[in-house]
>>> print(open('entry17.txt').read())   # compact mmCIF, C-alpha atoms
# COMPACT_ATOMS: atom_id res chain seq x y z
CA ASN A 1 118.08 88.08 93.96
CA GLY A 2 114.37 87.51 94.66
CA LEU A 3 113.51 91.21 94.89
CA TYR A 4 110.61 92.90 93.10
CA VAL A 5 110.21 96.29 91.44
CA ASP A 6 108.06 98.23 93.94
CA VAL A 7 106.39 101.66 94.09
CA TYR A 8 107.46 103.14 97.43
CA ASP A 9 104.73 102.80 100.06
CA GLY A 10 102.13 102.03 97.35
CA ARG A 11 101.88 105.73 96.52
CA THR A 12 100.55 107.17 93.26
CA ALA A 13 101.99 110.70 93.51
CA ASN A 14 104.40 112.06 90.91
CA LYS A 15 108.08 111.69 91.82
CA THR A 16 107.40 108.66 94.04
CA ASN A 17 110.56 106.55 94.11
CA ILE A 18 110.67 103.10 92.57
CA GLN A 19 112.62 100.59 94.63
CA MET A 20 113.55 96.94 94.86
CA TRP A 21 111.69 95.17 97.68
CA ASN A 22 110.81 91.71 98.95
CA GLY A 23 107.76 90.22 97.26
CA ASN A 24 104.57 91.01 99.17
CA GLY A 25 101.77 90.44 96.63
CA THR A 26 100.54 94.04 96.75
CA LYS A 27 99.45 96.21 93.82
CA SER A 28 102.55 98.36 94.33
CA GLN A 29 104.50 95.49 92.74
CA LYS A 30 102.18 95.08 89.75
CA PHE A 31 102.57 97.05 86.53
CA ARG A 32 100.94 97.27 83.12
CA PHE A 33 103.12 97.04 80.05
CA ILE A 34 101.70 99.32 77.38
CA GLU A 35 103.01 98.60 73.92
CA GLU A 36 104.32 101.73 72.22
CA LEU A 37 106.45 100.55 69.27
CA ASN A 38 106.99 97.31 67.32
CA GLY A 39 105.73 94.61 69.71
CA GLU A 40 104.55 91.33 68.16
CA GLN A 41 104.25 88.63 70.88
CA SER A 42 102.47 88.82 74.22
CA ILE A 43 105.51 90.71 75.38
CA GLU A 44 107.74 90.90 72.36
CA ASP A 45 111.06 92.58 72.20
CA GLY A 46 110.10 96.20 71.75
CA ILE A 47 109.56 99.59 73.33
CA TYR A 48 106.97 99.81 76.11
CA LYS A 49 105.57 102.26 78.57
CA ILE A 50 105.19 100.68 82.03
CA SER A 51 102.25 102.13 83.92
CA SER A 52 101.27 101.72 87.55
CA PHE A 53 98.68 99.03 88.22
CA THR A 54 96.96 101.24 90.80
CA ASP A 55 96.83 104.38 88.61
CA SER A 56 97.17 103.94 84.86
CA THR A 57 97.77 107.69 84.41
CA LYS A 58 101.19 107.19 86.08
CA ALA A 59 104.21 105.55 84.45
CA LEU A 60 107.78 104.64 85.35
CA SER A 61 110.00 107.58 84.39
CA VAL A 62 113.74 108.18 84.36
CA LYS A 63 114.39 111.32 86.37
CA GLY A 64 117.01 113.57 84.77
CA ASP A 65 119.64 112.17 82.42
CA ALA A 66 119.47 108.46 81.65
CA ASN A 67 122.76 107.26 83.10
CA GLN A 68 123.96 104.51 85.39
CA ASN A 69 122.92 106.38 88.54
CA ALA A 70 119.60 107.75 87.25
CA LYS A 71 116.60 107.52 89.54
CA ILE A 72 113.37 105.88 88.43
CA VAL A 73 110.21 107.59 89.67
CA LEU A 74 106.49 107.49 89.09
CA GLY A 75 105.27 110.36 86.91
CA ASN A 76 102.31 111.52 84.86
CA SER A 77 102.05 109.47 81.71
CA ASP A 78 103.24 111.80 78.94
CA ASN A 79 104.74 109.51 76.27
CA SER A 80 108.15 111.15 76.62
CA LEU A 81 111.35 109.23 75.89
CA SER A 82 111.99 109.05 79.64
CA GLN A 83 108.99 106.70 79.84
CA MET A 84 109.95 104.37 77.01
CA TRP A 85 111.49 101.07 78.09
CA ARG A 86 113.16 98.57 75.79
CA VAL A 87 112.12 95.02 76.63
CA LYS A 88 114.37 92.32 75.23
CA TYR A 89 114.37 88.61 75.95
>>> encode(input="entry17.txt", output="C-alpha cells")
Amino acid sequence: NGLYVDVYDGRTANKTNIQMWNGNGTKSQKFRFIEELNGEQSIEDGIYKISSFTDSTKALSVKGDANQNAKIVLGNSDNSLSQMWRVKY
C-alpha cells in the first residue's frame, strides 16, 4: 500500500504510538534490526528486536496482550518477549 512504519511525530518517549504513514525520508521511519536469536543471513529468518534509529535505547513493543488489535508503541529496550519480532521471508 506504499505506507511506511513510522514513529509518531518523530518522538522518542516511551509509549509513543507507531503508525503507518506516507514515506517522508525522516529518521522516524528508520529502524535498527538487532539480532536476538538464530539469525544467519544479513536479515535471516529469526527473532529480532527492532530499535529506533533516533534512540537505540528504545524498541518497538507490543502494549498489553499480543492479539489482533494490540497497539505497538516505543518503549525502553528491556529484552522482554513483547519486544521480540519474528522476521520471516
>>> closest_residue(input="entry17.txt", among="A:Asn76, A:Ile34, A:Ile18, A:Ser82", to="Lys63 in chain A", atoms="all atoms listed in the file")
A:Ser82
>>> residues_around(input="entry17.txt", residues="Ser51 in chain A", least_positions_apart="4", cutoff="7 Å", atoms="only C-alpha atoms", output="MDAnalysis selection string")
chainID A and resid 31:33 56 58:60
>>> residues_around(input="entry17.txt", residues="Gln83 in chain A", least_positions_apart="6", cutoff="8 Å", atoms="all atoms listed in the file", output="list of chain:residue names")
A:Lys49, A:Ile50, A:Ala59, A:Leu60, A:Ser61, A:Val62, A:Ser77
>>> atom_distance(input="entry17.txt", atom1="CA of Val7 in chain A", atom2="CA of Ile43 in chain A")
21.7 Å
>>> closest_residue(input="entry17.txt", among="A:Ser28, A:Glu44, A:Gly23, A:Lys15", to="Gly75 in chain A", atoms="only C-alpha atoms")
A:Lys15
